[in-house]
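Below: one structure, written as structure tokens.
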Amino acid sequence: MNDPIPATKAITGLSSSEAAELLTSIGPNEIQHAAVIPPWLLLAGQFKSPVIWLLLGACVVSAVLGETTNAVAIGSIVIINAFVGFFQEYRAERAVNALRSMTAPRASVLRDGTMKIIPAIEVVPGDILLIEAGDVVAADAHLLEAHSLSVNEAALTGESQPSEKSILPVAVNAPLAERHDSIFLGTAVVSGTAVARITATGMATELGKIAHLLASVQDEATPLQQRLARVSKSLLFICLGIVTAVAILGVVRGTPLLEVFLSAVSLAVAAVPEGLPAVVTIALAVGVQRMAARKVLVRRLPAVETLGCTTVICTDKTGTLTTGVMAVRELWGADHVRLLDVAAACCNGELAQDERSGVGDTTEVALLMAAAARGIHRKNIEQQRPRVMENPFDSDRKRMSILRSDGVLYVKGAVDLLLPLCRGDNSAALAANADMSSRGLRVLAMAVGEGREENELELVGLTGIADPPRTEAIDAIASARSAGIRTVMITGDHPITAQAIALELGLLQKGEAAQELVYARATPEDKLKIVKKFKEQGAIVAMTGDGVNDAPALREAHIGIAMGKNGTEVTREAADVVLSDDNFASIVAAVEEGRGIFDNIRKTLVYLLAGNAGELMLMFSAALLGLPLPLLPLHLLWINLVTDGLPALALVTDPLDRNVMKRPPRDPRESILGRPQWIRILASGLLQASVALAVFVWALENRDLNEARNLAFTTLVFAELFRAFSARSSLPFWEIGIFTNMRLFGIVVVSVVVQLGIHHIPATQALFEIHDLSLEDCMLSLAIGLIPLVITEMVKVVVRLGNGTEKSHQAGT
């Protein structure tokens, strides 16, 4: 589409009729809207979990059997959980729509031989675009004329310096950052003027290609979601197996059908950890609050845990590892003050009042900031030495000069083209230029002369300019390395610049190959391929960035991390996590929180499932022995939601292990429940079931069925409550400290009081079909309920003595 243009078209542009026909056939110049998922579909998606299926099944069976209270309680759990998930995940997919905010609202074109200002949405391929400083480019276009034109393409290419444009042709397959004969939709014109022929509009532009990439990226289940799905499916099969076995056993024994169904419902309720969905949601929500306090804003809850198992952080350079602002990094010359005076005298940029930013060419702003730091101000120069004449910068000459009233010609430009105009031996300057360039600095030469002609100049010195690294990013990369996490830099910058910054950041060590850690001249497609490559290797990938060119890769990565201050709206919308302070170091804090949250979720899951295992063993053992139901469905529901669920909510807020960042990343394939966890679940469940069954059998023989259920119910509640203290760590609970989680301590105390209270309130007595508990029975239940805790803690001590050395605390193992 960059074919030569007939001279008449280059002058007159399209006719109005031609433009109208093209607009009809090609369509408007806009980025297409993303398909929005309707709210009802998002809500329906909350019912995909096997745990929810189990709960719904139990709800239906309870309703059929006339157990209205059970049905309403279970149904309420399902509905509340669904709406919590819906509101947490309800975020419109606006990444593609946000691209539209970057497009120019109006454009100057030649139509019918005259200049017209039209809505940018109406431009078509073949239109002649008129460009000047301050414009946002309305479409992709091929330059016909260019006068001192520079364009900020950082959002597309990642290049921190404005791209200097010319009409000199470049290779068709050149990287985007090197297509100096073209301008692109959504980029900003920094300086100069141009005439260009539009070659692509809308979705056919480079910006449109990014929109296509965004649309092609599919959301994947996070590691936590995958693990919980496996646990839920396992629970589903276990539940169905046990319920079927008990039902068959009941039918064979001639048990009445109603009683068989009641047993099945009881077992189903016992098998399902009703509090699990809420516990996981709250665990992640607490993580969100903790991260927000550390300047990390989480837009998608599962991202909290996924950060914890990150093995690779792919990061953009400009604005993420670096400040995103050009600065003078090095000066070479005999007199640095004079050097900066010449630089300031040969500039057209302007500094803001605070002298921390400015308008105009970013290189000139950097020079003016360095000069201002030495007390040299351009406004004073303009007053004391007004300009007489200017030779503007030209992409062919690659220099500019300003003659001032003191008769001095101030010149700055590219070293290779300016040194031949300077007198004397400049071999030292050439060596300095080679050294500075090898370290990724953009080098400019400063010279002075007499009169208007740019010859017989005196070289004053060289300035090395670059986008400097963030100091906090250096520490963050070191912390990530010590935590076993690889940091990979992906940038649109030149390879030399990229490698120099990587060395300065400590991302690369001297002599280390850059092949797998630094990717330069990367296009949006390249970034996407790199992220996919690491994912195919089994890595859990976090991708950080701030430009539009980062958005597709952010969506593809397991975790997309956007910069909140300087990031584009497109990137923020595509991200799972936003850094409100644009601080790369905050990522390490987020990883720490993520690891701690996984530990807390794991030990809470072990706690919940051990309770369910105990209930299942109790109910199944009673069925095998031909005993009546030790607990009614509503008893089990109360245990699962209140006396299990509330301590679980406190467990997920446990303080983080201080050694959490000294461990290597978890294997992404590691199950949330490995062999050690299942052993603990089964052992704890067996202990609880044993004490509850023993009390039930004893009371059944010495008292009646109601008394037996009364005691078994409260004993099991106390056993599960006290076990929460043991669930916190693999160390004995007295070493961790019973008061280090006051929320848990308070919940256990209050729950014990509430459990005793429901035995003495008429309404709850009728609801749960229980009666008063004597002081002797209260003490008996408390004493027997402590047995599982005491045995578990004794086992911890014995295991430690057997190992001979104290192992470091790892939560949930």
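In the structure tokens, each chain is lettered A, B, ... as it comes, each chain's residues begin at 1, and ligands are numbered from 1 in order of appearance.
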
Item to complete: Might you pull out every residue within 12 Å of segment 330-340 of chain A, with only C-alpha atoms counted and same-chain residues fewer than 5 positions away left off, and present them as a ChimeraX atom specification?
Response: /A:345-347,364,366-378,381,410-412,426,428-433,435-437,439-448,458-468

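Closest approach to Leu711 of chain A among A:Val652, A:Val388, A:Leu421, A:Leu631 is made by A:Leu631 (distances from only C-alpha atoms).
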
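Comparing the minimum interatomic distances between Arg404 of chain A and each of A:Glu472, A:Glu382, A:Glu701, A:Asp582, counting only C-alpha atoms, we find that A:Glu382 sits nearest.
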
Item to complete: Taking the DSSP assignment computed from this structure's backbone, write out as a PyMOL selection string all residues of segment 208-377 of chain A that belong to strand (DSSP E).
Response: chain A and resi 296-298+312-316+327-332+350-351+358-359

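Our summary of the geometry notes that atom CA of Phe696 of chain A is positioned 13.0 Å from atom CA of Gly785 of chain A.
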
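Surrounding segment 557-564 of chain A within 6 Å are Val541, Ala542, Met543, Thr544, Gly545, Asp546, Thr571, Arg572, Ala575, Asp576, Val577, Val578, Leu579, Ser580 and Asp582 of chain A, with only C-alpha atoms counted and residues fewer than 5 positions along the same chain left out.
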
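The closest residue to Leu207 of chain A, picked from A:Phe745, A:Phe534, A:Phe184, A:Trp638 and counting only C-alpha atoms, is A:Phe184.
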
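Separating atom CA of Thr68 of chain A from atom CA of Val243 of chain A is a distance of 20.8 Å.
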
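When atom CA of Asn803 of chain A is paired with atom CA of Val606 of chain A, their separation reads 23.3 Å.
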
Practice prompt. Just the alpha helix (DSSP H) stuff from segment 630-700 of chain A, please, per backbone DSSP, written as number ranges by chain.
Written response: A: 633-638, 645-651, 675-700

Practice prompt. Fewer than 3 positions away in the same chain doesn't count, so skip those; otherwise give me all residues within 7 Å of Val124 of chain A, counting only C-alpha atoms, as a PyMOL selection string.
Written response: chain A and resi 19+22-23+127+198+201

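Neighbours of Arg179 of chain A closer than or equal to 10 Å, with only C-alpha atoms counted and sequence neighbours fewer than 2 positions away skipped, come out as A:His142, A:Ser163, A:Glu164, A:Lys165, A:Ser166, A:Leu168, A:Pro169, A:Val170, A:Ala171, A:Val172, A:Asn173, A:Ala174, A:Pro175, A:Leu176, A:Ala177, A:Asp181, A:Ser182, A:Ile183, A:Phe184.
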
Could you pull the residues within 10 Å of Pro665 of chain A, counting only C-alpha atoms, minus those fewer than 4 positions along the same chain, as an mmCIF file with all heavy atoms, in the first residue's frame?
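Done, and the output landed in part.cif:
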```
data_model
loop_
_atom_site.group_PDB
_atom_site.id
_atom_site.type_symbol
_atom_site.label_atom_id
_atom_site.label_comp_id
_atom_site.auth_asym_id
_atom_site.auth_seq_id
_atom_site.Cartn_x
_atom_site.Cartn_y
_atom_site.Cartn_z
ATOM 1 N N GLY A 308 1.617 -15.530 43.450
ATOM 2 C CA GLY A 308 2.477 -16.259 44.363
ATOM 3 C C GLY A 308 3.273 -17.371 43.721
ATOM 4 O O GLY A 308 4.312 -17.777 44.255
ATOM 5 N N CYS A 309 2.811 -17.903 42.586
ATOM 6 C CA CYS A 309 3.570 -18.987 41.944
ATOM 7 C C CYS A 309 4.210 -18.525 40.638
ATOM 8 O O CYS A 309 4.587 -19.329 39.796
ATOM 9 C CB CYS A 309 2.688 -20.217 41.714
ATOM 10 S SG CYS A 309 1.180 -19.925 40.812
ATOM 11 N N THR A 310 4.349 -17.201 40.483
ATOM 12 C CA THR A 310 5.018 -16.648 39.307
ATOM 13 C C THR A 310 6.468 -17.122 39.241
ATOM 14 O O THR A 310 7.200 -17.072 40.227
ATOM 15 C CB THR A 310 4.978 -15.111 39.347
ATOM 16 O OG1 THR A 310 3.615 -14.674 39.309
ATOM 17 C CG2 THR A 310 5.731 -14.514 38.175
ATOM 18 N N THR A 311 6.863 -17.594 38.066
ATOM 19 C CA THR A 311 8.251 -18.026 37.870
ATOM 20 C C THR A 311 9.005 -17.113 36.911
ATOM 21 O O THR A 311 10.234 -17.080 36.933
ATOM 22 C CB THR A 311 8.299 -19.466 37.324
ATOM 23 O OG1 THR A 311 7.532 -19.533 36.110
ATOM 24 C CG2 THR A 311 7.708 -20.448 38.329
ATOM 25 N N VAL A 312 8.271 -16.383 36.067
ATOM 26 C CA VAL A 312 8.895 -15.473 35.102
ATOM 27 C C VAL A 312 8.125 -14.160 35.094
ATOM 28 O O VAL A 312 6.897 -14.162 35.002
ATOM 29 C CB VAL A 312 8.900 -16.068 33.676
ATOM 30 C CG1 VAL A 312 9.417 -15.034 32.670
ATOM 31 C CG2 VAL A 312 9.750 -17.318 33.617
ATOM 32 N N ALA A 483 14.335 -14.914 45.079
ATOM 33 C CA ALA A 483 13.121 -15.707 45.285
ATOM 34 C C ALA A 483 12.924 -16.737 44.178
ATOM 35 O O ALA A 483 11.882 -17.397 44.115
ATOM 36 C CB ALA A 483 11.894 -14.788 45.350
ATOM 37 N N GLY A 484 13.932 -16.874 43.283
ATOM 38 C CA GLY A 484 13.856 -17.877 42.229
ATOM 39 C C GLY A 484 13.013 -17.463 41.043
ATOM 40 O O GLY A 484 12.543 -18.312 40.284
ATOM 41 N N ILE A 485 12.824 -16.151 40.860
ATOM 42 C CA ILE A 485 11.990 -15.647 39.769
ATOM 43 C C ILE A 485 12.874 -14.985 38.718
ATOM 44 O O ILE A 485 13.712 -14.131 39.044
ATOM 45 C CB ILE A 485 10.956 -14.628 40.293
ATOM 46 C CG1 ILE A 485 10.052 -15.277 41.338
ATOM 47 C CG2 ILE A 485 10.119 -14.055 39.155
ATOM 48 C CD1 ILE A 485 9.179 -14.298 42.083
ATOM 49 N N ILE A 540 4.857 -19.945 34.933
ATOM 50 C CA ILE A 540 3.749 -19.066 35.278
ATOM 51 C C ILE A 540 4.246 -17.652 35.025
ATOM 52 O O ILE A 540 5.172 -17.176 35.682
ATOM 53 C CB ILE A 540 3.316 -19.242 36.749
ATOM 54 C CG1 ILE A 540 2.837 -20.669 36.989
ATOM 55 C CG2 ILE A 540 2.212 -18.253 37.105
ATOM 56 C CD1 ILE A 540 1.620 -21.080 36.186
ATOM 57 N N VAL A 591 4.068 -10.508 44.922
ATOM 58 C CA VAL A 591 4.429 -11.929 44.891
ATOM 59 C C VAL A 591 4.461 -12.489 46.314
ATOM 60 O O VAL A 591 3.976 -13.599 46.577
ATOM 61 C CB VAL A 591 5.792 -12.126 44.197
ATOM 62 C CG1 VAL A 591 6.287 -13.549 44.393
ATOM 63 C CG2 VAL A 591 5.681 -11.802 42.709
ATOM 64 N N ARG A 595 2.150 -15.548 47.640
ATOM 65 C CA ARG A 595 2.652 -16.795 48.227
ATOM 66 C C ARG A 595 2.004 -17.052 49.595
ATOM 67 O O ARG A 595 1.617 -18.175 49.919
ATOM 68 C CB ARG A 595 4.168 -16.733 48.367
ATOM 69 C CG ARG A 595 4.902 -16.803 47.038
ATOM 70 C CD ARG A 595 6.413 -16.884 47.255
ATOM 71 N NE ARG A 595 7.117 -17.048 45.980
ATOM 72 C CZ ARG A 595 8.412 -17.305 45.873
ATOM 73 N NH1 ARG A 595 9.154 -17.432 46.975
ATOM 74 N NH2 ARG A 595 8.978 -17.452 44.701
ATOM 75 N N VAL A 660 8.643 -16.554 53.618
ATOM 76 C CA VAL A 660 7.919 -16.951 52.409
ATOM 77 C C VAL A 660 8.682 -16.602 51.126
ATOM 78 O O VAL A 660 8.573 -17.303 50.116
ATOM 79 C CB VAL A 660 6.513 -16.300 52.406
ATOM 80 C CG1 VAL A 660 6.588 -14.806 52.136
ATOM 81 C CG2 VAL A 660 5.603 -16.979 51.398
ATOM 82 N N MET A 661 9.506 -15.540 51.154
ATOM 83 C CA MET A 661 10.249 -15.152 49.952
ATOM 84 C C MET A 661 11.627 -15.795 49.877
ATOM 85 O O MET A 661 12.395 -15.497 48.969
ATOM 86 C CB MET A 661 10.376 -13.626 49.886
ATOM 87 C CG MET A 661 9.094 -12.916 49.526
ATOM 88 S SD MET A 661 8.410 -13.406 47.929
ATOM 89 C CE MET A 661 9.513 -12.555 46.816
#
```

Worksheet item: Got a sec: who's within 12 Å of His147 of chain A, counting only C-alpha atoms, leaving out chain neighbours fewer than 3 positions off, as a list in words?
Response: Leu130, Ile131, Glu132, Ala133, Leu143, Leu144, Ser150, Val151, Glu164, Lys165, Ser166, Ile167, Val189, Ser191, Gly192, Thr193, Ala194, Val195, Ala196, Pro392, Phe393, Asp394, Ser395 and Asp396 of chain A

Deliver the residues from the most recent selection as a file, using C-alpha atoms, as a PDB file, in the first residue's frame.
```pdb
ATOM      1  CA  LEU A 130      -1.709  17.320   6.647  1.00  0.00           C
ATOM      2  CA  ILE A 131       0.261  16.990   9.895  1.00  0.00           C
ATOM      3  CA  GLU A 132       1.759  19.495  12.323  1.00  0.00           C
ATOM      4  CA  ALA A 133       3.175  19.506  15.856  1.00  0.00           C
ATOM      5  CA  LEU A 143       5.106  10.286   4.156  1.00  0.00           C
ATOM      6  CA  LEU A 144       5.238  12.388   1.011  1.00  0.00           C
ATOM      7  CA  SER A 150       9.414  13.717  14.973  1.00  0.00           C
ATOM      8  CA  VAL A 151       6.666  11.529  16.403  1.00  0.00           C
ATOM      9  CA  GLU A 164      12.616  11.147  13.572  1.00  0.00           C
ATOM     10  CA  LYS A 165      10.778  10.822  10.261  1.00  0.00           C
ATOM     11  CA  SER A 166      11.876  11.314   6.668  1.00  0.00           C
ATOM     12  CA  ILE A 167      10.694  10.424   3.176  1.00  0.00           C
ATOM     13  CA  VAL A 189       3.453  14.537  16.590  1.00  0.00           C
ATOM     14  CA  SER A 191       7.619  18.601  16.176  1.00  0.00           C
ATOM     15  CA  GLY A 192       7.640  19.539  12.511  1.00  0.00           C
ATOM     16  CA  THR A 193       5.128  19.303   9.704  1.00  0.00           C
ATOM     17  CA  ALA A 194       4.340  16.687   7.075  1.00  0.00           C
ATOM     18  CA  VAL A 195       2.140  15.641   4.197  1.00  0.00           C
ATOM     19  CA  ALA A 196       1.259  11.954   4.035  1.00  0.00           C
ATOM     20  CA  PRO A 392      16.550  24.293  12.171  1.00  0.00           C
ATOM     21  CA  PHE A 393      17.223  20.636  12.714  1.00  0.00           C
ATOM     22  CA  ASP A 394      17.088  18.574   9.558  1.00  0.00           C
ATOM     23  CA  SER A 395      17.033  14.786   9.366  1.00  0.00           C
ATOM     24  CA  ASP A 396      19.677  14.861   6.626  1.00  0.00           C
TER      25      ASP A 396
END
```

Item to complete: Name the closest residue to Leu780 of chain A among the candidates A:Val488, A:Ala692, A:Leu185, A:Ile587; distances are taken between atoms, counting only C-alpha atoms.
Response: A:Ala692
